[in-house]
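Visitor: Structure supplied as coords_33.txt; contents: compact mmCIF, C-alpha atoms.
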```
# COMPACT_ATOMS: atom_id res chain seq x y z
CA MET D 1 185.56 125.98 53.66
CA ALA D 2 183.21 128.78 54.63
CA ASN D 3 183.74 130.08 58.10
CA LEU D 4 181.30 129.25 60.86
CA LYS D 5 179.83 132.66 61.44
CA GLU D 6 179.15 133.29 57.75
CA VAL D 7 177.19 130.07 57.43
CA ARG D 8 175.24 130.77 60.58
CA VAL D 9 174.16 134.17 59.29
CA ARG D 10 173.06 132.66 55.97
CA ILE D 11 171.06 129.96 57.72
CA ALA D 12 169.24 132.60 59.75
CA SER D 13 168.42 134.66 56.66
CA VAL D 14 167.17 131.68 54.65
CA LYS D 15 165.04 130.62 57.59
CA SER D 16 163.33 133.98 57.84
CA THR D 17 162.74 134.06 54.06
CA ARG D 18 161.23 130.62 54.29
CA GLN D 19 158.92 131.82 57.01
CA ILE D 20 157.71 134.66 54.82
CA THR D 21 157.13 132.51 51.75
CA SER D 22 155.26 129.86 53.68
CA ALA D 23 153.08 132.52 55.33
CA MET D 24 152.34 134.05 51.92
CA LYS D 25 151.40 130.62 50.67
CA MET D 26 148.87 130.21 53.47
CA VAL D 27 147.39 133.65 52.85
CA ALA D 28 147.13 132.99 49.12
CA ALA D 29 145.45 129.65 49.79
CA SER D 30 142.74 131.20 51.95
CA LYS D 31 142.20 134.08 49.52
CA LEU D 32 142.00 131.56 46.70
CA ARG D 33 139.20 129.77 48.48
CA ARG D 34 137.25 133.00 48.79
CA ALA D 35 137.83 133.90 45.15
CA GLN D 36 136.70 130.45 44.09
CA ASN D 37 133.51 130.84 46.09
CA ALA D 38 132.81 134.09 44.27
CA ILE D 39 133.10 132.28 40.94
CA LEU D 40 130.87 129.47 42.13
CA GLY D 41 128.31 131.94 43.48
CA MET D 42 128.13 133.70 40.15
CA ARG D 43 127.81 130.59 38.02
CA PRO D 44 124.04 129.97 38.51
CA TYR D 45 123.30 133.59 37.61
CA ALA D 46 125.37 133.46 34.44
CA GLN D 47 123.81 130.16 33.47
CA LYS D 48 120.22 131.27 34.02
CA LEU D 49 120.85 134.53 32.22
CA HIS D 50 122.17 132.54 29.27
CA GLU D 51 119.07 130.33 29.33
CA ILE D 52 116.69 133.28 29.33
CA MET D 53 118.66 134.89 26.50
CA GLN D 54 118.27 131.65 24.57
CA ASN D 55 114.54 131.55 25.17
CA LEU D 56 114.31 135.14 24.04
CA SER D 57 116.41 134.89 20.93
CA SER D 58 114.84 131.60 19.83
CA GLY D 59 111.89 133.45 18.40
CA MET D 60 113.83 136.37 16.97
CA ASP D 61 115.05 136.66 13.41
CA GLY D 62 118.26 138.26 14.63
CA SER D 63 118.00 141.19 12.27
CA ASP D 64 118.04 143.91 14.87
CA GLU D 65 121.44 145.08 16.00
CA GLY D 66 121.74 146.67 19.37
CA ILE D 67 124.19 149.47 19.93
CA TYR D 68 126.66 147.04 21.51
CA ALA D 69 126.57 144.64 18.54
CA GLN D 70 127.60 147.15 15.88
CA ASN D 71 130.57 145.84 13.98
CA ARG D 72 132.68 148.82 12.93
CA GLY D 73 135.86 146.96 12.02
CA ASN D 74 139.00 147.47 14.07
CA GLU D 75 140.25 150.87 13.03
CA SER D 76 140.72 151.92 16.64
CA VAL D 77 141.18 149.28 19.31
CA LEU D 78 141.13 149.36 23.10
CA LEU D 79 142.89 146.52 24.89
CA VAL D 80 142.07 145.67 28.49
CA PRO D 81 144.89 143.64 30.05
CA VAL D 82 143.96 142.34 33.50
CA THR D 83 146.99 141.97 35.78
CA SER D 84 147.44 141.87 39.54
CA ASN D 85 148.37 144.66 41.93
CA ARG D 86 151.10 142.66 43.62
CA GLY D 87 153.98 140.61 42.33
CA LEU D 88 155.46 137.34 43.55
CA CYS D 89 153.02 135.22 41.63
CA GLY D 90 155.18 133.47 39.07
CA ALA D 91 154.60 134.17 35.41
CA PHE D 92 151.05 135.43 35.99
CA ASN D 93 151.64 139.05 34.97
CA ALA D 94 154.45 138.32 32.51
CA ASN D 95 152.10 136.11 30.49
CA ILE D 96 149.48 138.84 30.22
CA ILE D 97 152.04 141.45 29.20
CA LYS D 98 153.58 139.14 26.63
CA ALA D 99 150.18 138.24 25.18
CA THR D 100 149.16 141.88 24.98
CA THR D 101 152.30 143.04 23.19
CA ASN D 102 152.14 140.01 20.92
CA TYR D 103 148.55 140.75 20.02
CA ILE D 104 149.35 144.37 19.25
CA HIS D 105 152.34 143.59 17.07
CA THR D 106 150.83 140.69 15.12
CA ASN D 107 147.23 141.87 14.69
CA LEU D 108 147.36 145.63 14.94
CA PRO D 109 150.69 146.94 13.57
CA ALA D 110 149.01 149.54 11.35
CA GLN D 111 146.76 150.79 14.13
CA LEU D 112 149.78 151.05 16.43
CA LYS D 113 151.63 153.16 13.90
CA SER D 114 148.72 155.54 13.49
CA GLY D 115 148.26 155.74 17.26
CA ASN D 116 144.91 154.00 17.41
CA VAL D 117 145.78 151.38 19.99
CA ASP D 118 144.99 152.31 23.56
CA LEU D 119 145.18 150.37 26.79
CA TYR D 120 142.80 150.31 29.71
CA CYS D 121 144.92 148.71 32.42
CA ILE D 122 143.31 146.83 35.26
CA GLY D 123 145.90 146.02 37.91
CA LYS D 124 149.05 147.90 38.88
CA LYS D 125 151.72 145.56 37.54
CA GLY D 126 150.59 145.73 33.94
CA ALA D 127 150.07 149.49 34.14
CA ASP D 128 153.64 150.04 35.37
CA ILE D 129 155.20 148.01 32.58
CA PHE D 130 153.07 149.40 29.76
CA LYS D 131 153.67 152.91 30.98
CA SER D 132 157.45 152.44 30.95
CA ARG D 133 157.27 150.94 27.46
CA GLY D 134 155.44 153.99 26.19
CA TYR D 135 152.06 152.58 25.21
CA SER D 136 149.15 154.96 25.27
CA ILE D 137 147.06 154.32 28.35
CA VAL D 138 143.61 155.85 28.66
CA GLU D 139 142.84 154.66 32.17
CA ILE D 140 144.40 152.72 35.02
CA ASN D 141 142.26 150.96 37.55
CA THR D 142 144.04 149.44 40.52
CA ASP D 143 141.31 149.54 43.16
CA ILE D 144 139.02 146.88 41.80
CA PHE D 145 140.84 143.91 43.30
CA ASP D 146 140.78 145.36 46.83
CA ASP D 147 137.09 144.65 46.94
CA LEU D 148 135.86 142.72 43.93
CA THR D 149 132.08 142.71 43.89
CA PHE D 150 129.65 142.73 41.03
CA ASP D 151 128.66 146.32 41.77
CA ASN D 152 132.27 147.49 41.54
CA SER D 153 132.90 145.68 38.29
CA VAL D 154 129.73 147.17 36.83
CA VAL D 155 131.37 150.60 37.09
CA ILE D 156 134.21 149.48 34.82
CA ALA D 157 131.85 147.67 32.48
CA GLU D 158 129.73 150.79 32.08
CA GLU D 159 132.82 152.88 31.41
CA LEU D 160 133.90 150.49 28.68
CA MET D 161 130.41 150.35 27.22
CA GLN D 162 130.30 154.13 27.11
CA ILE D 163 133.66 154.30 25.34
CA PHE D 164 132.29 151.90 22.76
CA ALA D 165 128.94 153.62 22.41
CA GLU D 166 130.59 157.00 21.91
CA LYS D 167 132.67 155.46 19.12
CA LYS D 168 135.97 156.34 20.69
CA HIS D 169 137.02 152.79 19.92
CA ASP D 170 135.66 150.27 17.44
CA GLN D 171 136.71 147.16 19.28
CA ILE D 172 137.44 146.33 22.91
CA ILE D 173 139.51 143.28 23.71
CA LEU D 174 139.87 141.66 27.09
CA ILE D 175 143.09 139.84 28.02
CA TYR D 176 143.08 137.90 31.28
CA ASN D 177 144.09 134.70 33.01
CA GLN D 178 141.29 132.20 33.35
CA PHE D 179 141.31 130.10 36.48
CA LYS D 180 141.50 126.39 35.77
CA ASN D 181 142.96 125.06 38.99
CA ALA D 182 145.43 126.31 41.58
CA ALA D 183 148.44 125.43 39.45
CA VAL D 184 147.10 126.15 35.96
CA GLN D 185 145.97 129.43 34.43
CA VAL D 186 144.70 129.62 30.90
CA LEU D 187 145.37 132.82 29.05
CA GLN D 188 142.26 134.25 27.39
CA VAL D 189 142.08 136.86 24.65
CA GLU D 190 138.41 137.69 24.29
CA GLN D 191 136.47 140.20 22.27
CA PHE D 192 134.48 142.20 24.81
CA LEU D 193 132.71 144.63 22.48
CA PRO D 194 131.08 144.50 20.02
CA VAL D 195 129.12 141.53 21.35
CA SER D 196 130.11 138.67 19.12
CA LYS D 197 127.22 137.74 16.91
CA SER D 198 128.18 134.10 16.64
CA ILE D 199 127.17 133.35 20.23
CA ALA D 200 123.70 134.77 19.71
CA ASP D 201 123.24 132.90 16.44
CA GLU D 202 124.41 129.64 17.90
CA SER D 203 122.08 129.81 20.84
CA ALA D 204 119.19 130.80 18.62
CA ALA D 205 119.73 127.75 16.46
CA GLU D 206 119.96 125.21 19.23
CA ALA D 207 117.21 126.54 21.44
CA GLU D 208 113.69 125.21 21.21
CA PRO D 209 111.10 127.51 22.69
CA LYS D 210 110.08 125.77 25.92
CA ALA D 211 106.71 127.40 26.24
CA ASN D 212 104.58 130.16 24.89
CA TYR D 213 105.95 132.91 27.02
CA ILE D 214 104.15 136.14 27.59
CA PHE D 215 106.68 138.90 27.02
CA GLU D 216 106.13 141.97 29.09
CA PRO D 217 106.44 144.63 27.65
CA ASN D 218 107.90 142.96 24.49
CA LYS D 219 110.82 140.88 23.33
CA GLU D 220 112.90 143.69 21.93
CA GLU D 221 112.78 145.76 25.07
CA ILE D 222 113.63 142.84 27.30
CA LEU D 223 116.55 141.92 25.08
CA GLU D 224 117.68 145.52 25.16
CA ALA D 225 117.76 145.34 28.95
CA LEU D 226 119.45 141.95 28.95
CA VAL D 227 122.35 142.58 26.58
CA PRO D 228 124.09 145.15 28.82
CA LYS D 229 123.53 142.79 31.74
CA SER D 230 125.26 139.92 30.00
CA ILE D 231 128.14 142.24 29.04
CA LYS D 232 128.55 143.20 32.69
CA VAL D 233 128.44 139.58 33.74
CA GLN D 234 131.13 138.79 31.18
CA LEU D 235 133.46 141.40 32.65
CA TYR D 236 132.76 140.32 36.21
CA LYS D 237 133.45 136.73 35.26
CA ALA D 238 136.78 137.71 33.71
CA LEU D 239 137.80 139.72 36.78
CA ALA D 240 136.75 137.01 39.23
CA ASP D 241 138.62 134.44 37.16
CA SER D 242 141.70 136.62 37.10
CA LEU D 243 141.60 137.13 40.87
CA ALA D 244 141.30 133.41 41.56
CA ALA D 245 144.05 132.70 39.02
CA GLU D 246 146.31 135.26 40.69
CA HIS D 247 145.97 133.68 44.11
CA GLY D 248 146.41 130.24 42.59
CA ALA D 249 149.58 131.34 40.82
CA ARG D 250 150.92 132.97 43.96
CA MET D 251 150.17 129.91 46.04
CA THR D 252 152.07 127.68 43.61
CA ALA D 253 154.99 130.11 43.35
CA MET D 254 155.27 130.43 47.13
CA HIS D 255 155.06 126.68 47.53
CA GLN D 256 158.02 126.35 45.17
CA ALA D 257 159.93 129.03 47.03
CA THR D 258 159.33 127.33 50.37
CA GLU D 259 160.57 124.03 48.97
CA ASN D 260 163.66 125.68 47.53
CA ALA D 261 164.38 127.30 50.88
CA ASP D 262 164.05 123.89 52.52
CA SER D 263 166.63 122.28 50.28
CA LEU D 264 168.93 125.28 50.64
CA LEU D 265 168.65 125.03 54.43
CA LYS D 266 169.57 121.35 54.29
CA ASP D 267 172.74 122.10 52.31
CA LEU D 268 173.67 124.99 54.59
CA ASN D 269 173.19 122.91 57.73
CA LEU D 270 175.44 120.24 56.30
CA SER D 271 178.24 122.67 55.51
CA TYR D 272 177.76 124.34 58.90
CA ASN D 273 178.25 121.03 60.68
CA LYS D 274 181.24 120.20 58.51
CA ALA D 275 182.83 123.53 59.38
CA ARG D 276 182.10 122.98 63.06
CA GLN D 277 183.68 119.53 62.96
CA ALA D 278 186.75 120.85 61.20
CA ALA D 279 187.16 123.59 63.78
CA ILE D 280 186.96 121.08 66.64
CA THR D 281 189.46 118.76 64.97
CA ASN D 282 191.80 121.68 64.47
CA GLU D 283 191.58 122.68 68.10
CA ILE D 284 192.32 119.14 69.36
CA LEU D 285 195.25 118.95 66.98
CA GLU D 286 196.64 122.18 68.38
CA ILE D 287 196.27 121.07 72.01
CA VAL D 288 197.83 117.68 71.37
CA SER D 289 200.76 119.10 69.47
CA GLY D 290 201.24 121.75 72.16
CA ALA D 291 201.33 119.08 74.91
CA GLU D 292 203.70 117.04 72.78
CA ALA D 293 206.06 120.02 72.44
CA LEU D 294 206.09 120.62 76.23
CA LYS D 295 206.94 116.99 76.90
CA GLY D 296 209.83 117.02 74.45
CA MET J 1 105.03 128.02 43.73
CA ASN J 2 108.77 127.80 43.82
CA LEU J 3 110.69 131.07 43.92
CA GLU J 4 114.38 131.73 43.35
CA ILE J 5 116.04 135.14 43.52
CA ILE J 6 119.60 135.10 42.22
CA THR J 7 122.14 137.94 42.18
CA PRO J 8 125.58 137.74 40.58
CA ASP J 9 127.13 137.35 44.03
CA LYS J 10 124.81 134.78 45.56
CA THR J 11 121.34 133.29 45.78
CA ILE J 12 119.31 135.42 48.16
CA TYR J 13 116.02 133.51 48.19
CA LYS J 14 115.18 129.94 47.40
CA GLY J 15 111.97 128.25 48.45
CA GLU J 16 108.19 128.34 48.43
CA ALA J 17 106.19 131.53 48.15
CA ASP J 18 102.52 132.39 47.83
CA LEU J 19 102.78 135.77 46.17
CA VAL J 20 105.48 137.89 44.60
CA GLN J 21 105.09 141.55 43.82
CA LEU J 22 107.57 143.00 41.35
CA PRO J 23 108.57 146.39 39.95
CA GLY J 24 108.05 145.90 36.20
CA ILE J 25 109.08 148.34 33.48
CA ASP J 26 105.43 149.30 32.92
CA GLY J 27 104.54 149.38 36.58
CA SER J 28 104.25 147.04 39.53
CA PHE J 29 102.68 143.61 39.07
CA GLU J 30 102.05 140.46 41.08
CA ILE J 31 102.51 136.80 40.43
CA LEU J 32 100.37 134.14 42.09
CA ASN J 33 100.31 130.38 41.89
CA ASN J 34 99.92 128.77 38.45
CA HIS J 35 100.81 131.86 36.52
CA ALA J 36 101.21 131.55 32.76
CA PRO J 37 104.78 131.43 31.36
CA LEU J 38 106.23 134.92 31.36
CA ILE J 39 109.48 136.74 30.75
CA SER J 40 109.71 140.35 31.81
CA ALA J 41 112.23 143.02 32.67
CA LEU J 42 112.32 144.72 36.06
CA VAL J 43 113.38 148.18 37.13
CA LYS J 44 114.85 149.48 40.39
CA GLY J 45 112.55 148.90 43.31
CA LYS J 46 111.39 146.45 45.95
CA ILE J 47 110.39 142.81 45.54
CA LYS J 48 107.71 141.76 47.99
CA VAL J 49 107.54 138.08 48.82
CA LYS J 50 104.54 136.74 50.76
CA LYS J 51 104.83 133.31 52.29
CA SER J 52 102.14 131.84 54.56
CA GLY J 53 101.39 135.11 56.31
CA SER J 54 104.93 136.51 56.61
CA VAL J 55 106.13 139.21 54.24
CA GLU J 56 109.70 139.87 53.14
CA PHE J 57 111.18 142.67 51.05
CA TYR J 58 114.21 142.66 48.80
CA GLU J 59 115.75 145.73 47.17
CA VAL J 60 116.70 145.27 43.54
CA ASN J 61 118.41 147.46 41.00
CA GLY J 62 116.72 146.09 37.93
CA GLY J 63 116.62 142.54 36.68
CA VAL J 64 114.68 139.94 34.74
CA ILE J 65 111.99 137.48 35.71
CA GLU J 66 111.05 134.17 34.14
CA VAL J 67 107.96 132.19 35.11
CA LEU J 68 107.58 128.61 33.88
CA ASP J 69 105.68 125.63 35.33
CA ASN J 70 105.07 127.28 38.68
CA LYS J 71 108.75 128.11 39.00
CA VAL J 72 109.62 131.77 39.35
CA LEU J 73 113.17 132.79 38.64
CA ILE J 74 114.33 136.34 39.31
CA LEU J 75 117.75 137.49 38.19
CA ALA J 76 118.28 140.62 40.24
CA GLU J 77 121.11 143.08 40.52
```
Represent the supplied structure as structure tokens.
Guide:
Amino acid sequence: MANLKEVRVRIASVKSTRQITSAMKMVAASKLRRAQNAILGMRPYAQKLHEIMQNLSSGMDGSDEGIYAQNRGNESVLLVPVTSNRGLCGAFNANIIKATTNYIHTNLPAQLKSGNVDLYCIGKKGADIFKSRGYSIVEINTDIFDDLTFDNSVVIAEELMQIFAEKKHDQIILIYNQFKNAAVQVLQVEQFLPVSKSIADESAAEAEPKANYIFEPNKEEILEALVPKSIKVQLYKALADSLAAEHGARMTAMHQATENADSLLKDLNLSYNKARQAAITNEILEIVSGAEALKG
Amino acid sequence: MNLEIITPDKTIYKGEADLVQLPGIDGSFEILNNHAPLISALVKGKIKVKKSGSVEFYEVNGGVIEVLDNKVLILAE
């Protein structure tokens, strides 16, 4: 049987760990709410933008290819894994890292061999791991999640768009966790650039022109202004999703940890009381046998 | 007419307006009640919203505008 003092020390340490995990759970829950609000606030914008794009492309023959729609194959690929800056959020980062390495080894083995696979890491955790595994990293951004606003994400989006426009890379792929609910994250591997043609075609087919719009100055120029906008919105959406998913994952993980600490505490208390009882019984036994010896 | 100004972060204006002045690509223009359907791109500048005598200004960094059935929708940045 464990001795009394040992058990008492363990109980104290489990209790303080439990306090930390339950506090982290609360913090994650409130941050999750804020992140969810950001997603909700962005939704009308994304939806309306999509509608206007539909109205615009409904009358177009789709022959013109903007600079961001150029399909140049996948000779040189840039992957953008979105991870978190902090750990303690379950399998959140591990999933992203696994998906990224999987993608590289199944889809791009030749490009990897010739050194044409680069990573643009968003989030510290992914950057650390990929660095230690020796992947080639062009850029690490760890500041974005401190203050995730549309304006801040535009900076990254423009950087990526420039990389693509300058033909440093033929394809840019985004890998992130999509927020479904607090307990569930859905892993997404998405082509960021070139803009996938299928979406534009689809919307063109289904859209009926609602009215005879006046286009000022003309359709092409408006579309030219809109495409970069929708690319930026896509990145912001991915980042906001990832942030909400991170807090959701952390909340669930910390909830589990708190529950585990609870059950551990219960067991420890039981064995503490058992040890205490045994010690008391022992003491009584000693006194009684001592008295007995004196009598005899 | 009904006016909505939406940014990626939030909706900054929603309600009635009498007149909207916008910074278009080819220069500033205004929209009044019962305007014909229009889609146009905006550049950096100020949006002026006039509503029963009071005037409000909003800074934008480019955007798009859609006018349809007396509803004005501005996607600003």
Visitor: Determine which residues of chain D sit within 8 Å of chain J, taking into account only C-alpha atoms, and present them as a PDB file with C-alpha atoms, keeping the file's coordinate frame.
Guide:
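Saved the output as result_23.pdb:
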```
ATOM      1  CA  ALA D  38     132.810 134.090  44.270  1.00  0.00           C
ATOM      2  CA  GLY D  41     128.310 131.940  43.480  1.00  0.00           C
ATOM      3  CA  MET D  42     128.130 133.700  40.150  1.00  0.00           C
ATOM      4  CA  ARG D  43     127.810 130.590  38.020  1.00  0.00           C
ATOM      5  CA  PRO D  44     124.040 129.970  38.510  1.00  0.00           C
ATOM      6  CA  TYR D  45     123.300 133.590  37.610  1.00  0.00           C
ATOM      7  CA  ALA D  46     125.370 133.460  34.440  1.00  0.00           C
ATOM      8  CA  LYS D  48     120.220 131.270  34.020  1.00  0.00           C
ATOM      9  CA  LEU D  49     120.850 134.530  32.220  1.00  0.00           C
ATOM     10  CA  ILE D  52     116.690 133.280  29.330  1.00  0.00           C
ATOM     11  CA  THR D 149     132.080 142.710  43.890  1.00  0.00           C
ATOM     12  CA  PHE D 150     129.650 142.730  41.030  1.00  0.00           C
ATOM     13  CA  ALA D 211     106.710 127.400  26.240  1.00  0.00           C
ATOM     14  CA  ASN D 212     104.580 130.160  24.890  1.00  0.00           C
ATOM     15  CA  TYR D 213     105.950 132.910  27.020  1.00  0.00           C
ATOM     16  CA  ILE D 214     104.150 136.140  27.590  1.00  0.00           C
ATOM     17  CA  PHE D 215     106.680 138.900  27.020  1.00  0.00           C
ATOM     18  CA  GLU D 216     106.130 141.970  29.090  1.00  0.00           C
ATOM     19  CA  PRO D 217     106.440 144.630  27.650  1.00  0.00           C
ATOM     20  CA  ASN D 218     107.900 142.960  24.490  1.00  0.00           C
ATOM     21  CA  ILE D 222     113.630 142.840  27.300  1.00  0.00           C
ATOM     22  CA  ALA D 225     117.760 145.340  28.950  1.00  0.00           C
ATOM     23  CA  LEU D 226     119.450 141.950  28.950  1.00  0.00           C
ATOM     24  CA  VAL D 233     128.440 139.580  33.740  1.00  0.00           C
TER      25      VAL D 233
END
```
Visitor: How many Å separate CA of Ile140 in chain D from CA of Tyr120 in chain D?
Guide: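 Interatomic distance here is 6.0 Å.
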Visitor: Just the residues within 9 Å of Arg72 in chain D, please, counting all atoms listed in the file, with nothing from its chain fewer than 6 positions along; format it as a list in words.
Guide: Asp170, Gln171 and Pro194 of chain D
Visitor: From the options D:Leu265, D:Leu148, D:Ala275, D:Met254, which residue's atoms come nearest to Lys237 in chain D, counting only C-alpha atoms?
Guide: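 Once distances to Lys237 in chain D are computed over only C-alpha atoms, the minimum belongs to D:Leu148.
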Visitor: Could you list as a list in words every residue that has an atom within 12 Å of (106.4, 137.8, 54.5), using the file's coordinates and counting all atoms listed in the file?
Guide: Glu16, Ala17, Asp18, Leu19, Val20, Gln21, Ile47, Lys48, Val49, Lys50, Lys51, Ser52, Gly53, Ser54, Val55, Glu56, Phe57 and Tyr58 of chain J
Visitor: Just C-alpha atoms for this one: save the residues we selected as a short mmCIF file (atom, residue, chain, number, x, y, z; two decimals), in the coordinates of the input.
Guide:
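To be explicit, this is the file written out as part.cif:
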```
data_model
loop_
_atom_site.label_atom_id
_atom_site.label_comp_id
_atom_site.auth_asym_id
_atom_site.auth_seq_id
_atom_site.Cartn_x
_atom_site.Cartn_y
_atom_site.Cartn_z
CA GLU J 16 108.19 128.34 48.43
CA ALA J 17 106.19 131.53 48.15
CA ASP J 18 102.52 132.39 47.83
CA LEU J 19 102.78 135.77 46.17
CA VAL J 20 105.48 137.89 44.60
CA GLN J 21 105.09 141.55 43.82
CA ILE J 47 110.39 142.81 45.54
CA LYS J 48 107.71 141.76 47.99
CA VAL J 49 107.54 138.08 48.82
CA LYS J 50 104.54 136.74 50.76
CA LYS J 51 104.83 133.31 52.29
CA SER J 52 102.14 131.84 54.56
CA GLY J 53 101.39 135.11 56.31
CA SER J 54 104.93 136.51 56.61
CA VAL J 55 106.13 139.21 54.24
CA GLU J 56 109.70 139.87 53.14
CA PHE J 57 111.18 142.67 51.05
CA TYR J 58 114.21 142.66 48.80
#
```
Visitor: Just how far from CA of Gln111 in chain D is CA of Leu79 in chain D, in Å to one decimal?
Guide: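 Pair CA of Leu79 in chain D / CA of Gln111 in chain D returns 12.2 Å.
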Visitor: Suppose you want the space between CA of Gln47 in chain D and CA of Glu4 in chain J; what is it in Å?
Guide: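 CA of Glu4 in chain J lies 13.7 Å from CA of Gln47 in chain D.
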Visitor: Will you give me range 30-46 of chain D, written with N, CA and C atoms and laid out as a PDB file, in the first residue's frame?
Guide:
```pdb
ATOM      1  N   SER D  30     -14.656  30.386 -24.774  1.00  0.00           N
ATOM      2  CA  SER D  30     -15.016  31.771 -25.077  1.00  0.00           C
ATOM      3  C   SER D  30     -14.343  32.226 -26.370  1.00  0.00           C
ATOM      4  N   LYS D  31     -13.118  31.740 -26.607  1.00  0.00           N
ATOM      5  CA  LYS D  31     -12.457  32.102 -27.870  1.00  0.00           C
ATOM      6  C   LYS D  31     -13.177  31.470 -29.047  1.00  0.00           C
ATOM      7  N   LEU D  32     -13.699  30.277 -28.821  1.00  0.00           N
ATOM      8  CA  LEU D  32     -14.436  29.588 -29.886  1.00  0.00           C
ATOM      9  C   LEU D  32     -15.645  30.414 -30.296  1.00  0.00           C
ATOM     10  N   ARG D  33     -16.324  30.967 -29.272  1.00  0.00           N
ATOM     11  CA  ARG D  33     -17.511  31.748 -29.591  1.00  0.00           C
ATOM     12  C   ARG D  33     -17.146  32.929 -30.479  1.00  0.00           C
ATOM     13  N   ARG D  34     -16.018  33.583 -30.128  1.00  0.00           N
ATOM     14  CA  ARG D  34     -15.607  34.741 -30.921  1.00  0.00           C
ATOM     15  C   ARG D  34     -15.246  34.327 -32.353  1.00  0.00           C
ATOM     16  N   ALA D  35     -14.536  33.204 -32.461  1.00  0.00           N
ATOM     17  CA  ALA D  35     -14.135  32.739 -33.788  1.00  0.00           C
ATOM     18  C   ALA D  35     -15.357  32.366 -34.624  1.00  0.00           C
ATOM     19  N   GLN D  36     -16.350  31.789 -33.949  1.00  0.00           N
ATOM     20  CA  GLN D  36     -17.565  31.428 -34.675  1.00  0.00           C
ATOM     21  C   GLN D  36     -18.280  32.664 -35.186  1.00  0.00           C
ATOM     22  N   ASN D  37     -18.297  33.708 -34.354  1.00  0.00           N
ATOM     23  CA  ASN D  37     -18.927  34.953 -34.777  1.00  0.00           C
ATOM     24  C   ASN D  37     -18.253  35.521 -36.009  1.00  0.00           C
ATOM     25  N   ALA D  38     -16.912  35.394 -36.055  1.00  0.00           N
ATOM     26  CA  ALA D  38     -16.186  35.903 -37.217  1.00  0.00           C
ATOM     27  C   ALA D  38     -16.629  35.163 -38.474  1.00  0.00           C
ATOM     28  N   ILE D  39     -16.813  33.847 -38.352  1.00  0.00           N
ATOM     29  CA  ILE D  39     -17.261  33.067 -39.515  1.00  0.00           C
ATOM     30  C   ILE D  39     -18.653  33.505 -39.927  1.00  0.00           C
ATOM     31  N   LEU D  40     -19.526  33.661 -38.929  1.00  0.00           N
ATOM     32  CA  LEU D  40     -20.899  34.055 -39.230  1.00  0.00           C
ATOM     33  C   LEU D  40     -20.943  35.440 -39.858  1.00  0.00           C
ATOM     34  N   GLY D  41     -20.081  36.358 -39.373  1.00  0.00           N
ATOM     35  CA  GLY D  41     -20.067  37.711 -39.898  1.00  0.00           C
ATOM     36  C   GLY D  41     -19.606  37.764 -41.345  1.00  0.00           C
ATOM     37  N   MET D  42     -18.770  36.770 -41.710  1.00  0.00           N
ATOM     38  CA  MET D  42     -18.219  36.797 -43.059  1.00  0.00           C
ATOM     39  C   MET D  42     -19.160  36.145 -44.064  1.00  0.00           C
ATOM     40  N   ARG D  43     -20.035  35.280 -43.558  1.00  0.00           N
ATOM     41  CA  ARG D  43     -20.861  34.482 -44.462  1.00  0.00           C
ATOM     42  C   ARG D  43     -21.689  35.313 -45.456  1.00  0.00           C
ATOM     43  N   PRO D  44     -22.411  36.379 -44.983  1.00  0.00           N
ATOM     44  CA  PRO D  44     -23.196  37.146 -45.951  1.00  0.00           C
ATOM     45  C   PRO D  44     -22.335  37.732 -47.061  1.00  0.00           C
ATOM     46  N   TYR D  45     -21.144  38.200 -46.713  1.00  0.00           N
ATOM     47  CA  TYR D  45     -20.254  38.791 -47.710  1.00  0.00           C
ATOM     48  C   TYR D  45     -19.887  37.759 -48.763  1.00  0.00           C
ATOM     49  N   ALA D  46     -19.459  36.573 -48.288  1.00  0.00           N
ATOM     50  CA  ALA D  46     -19.043  35.529 -49.218  1.00  0.00           C
ATOM     51  C   ALA D  46     -20.203  35.126 -50.125  1.00  0.00           C
TER      52      ALA D  46
END
```
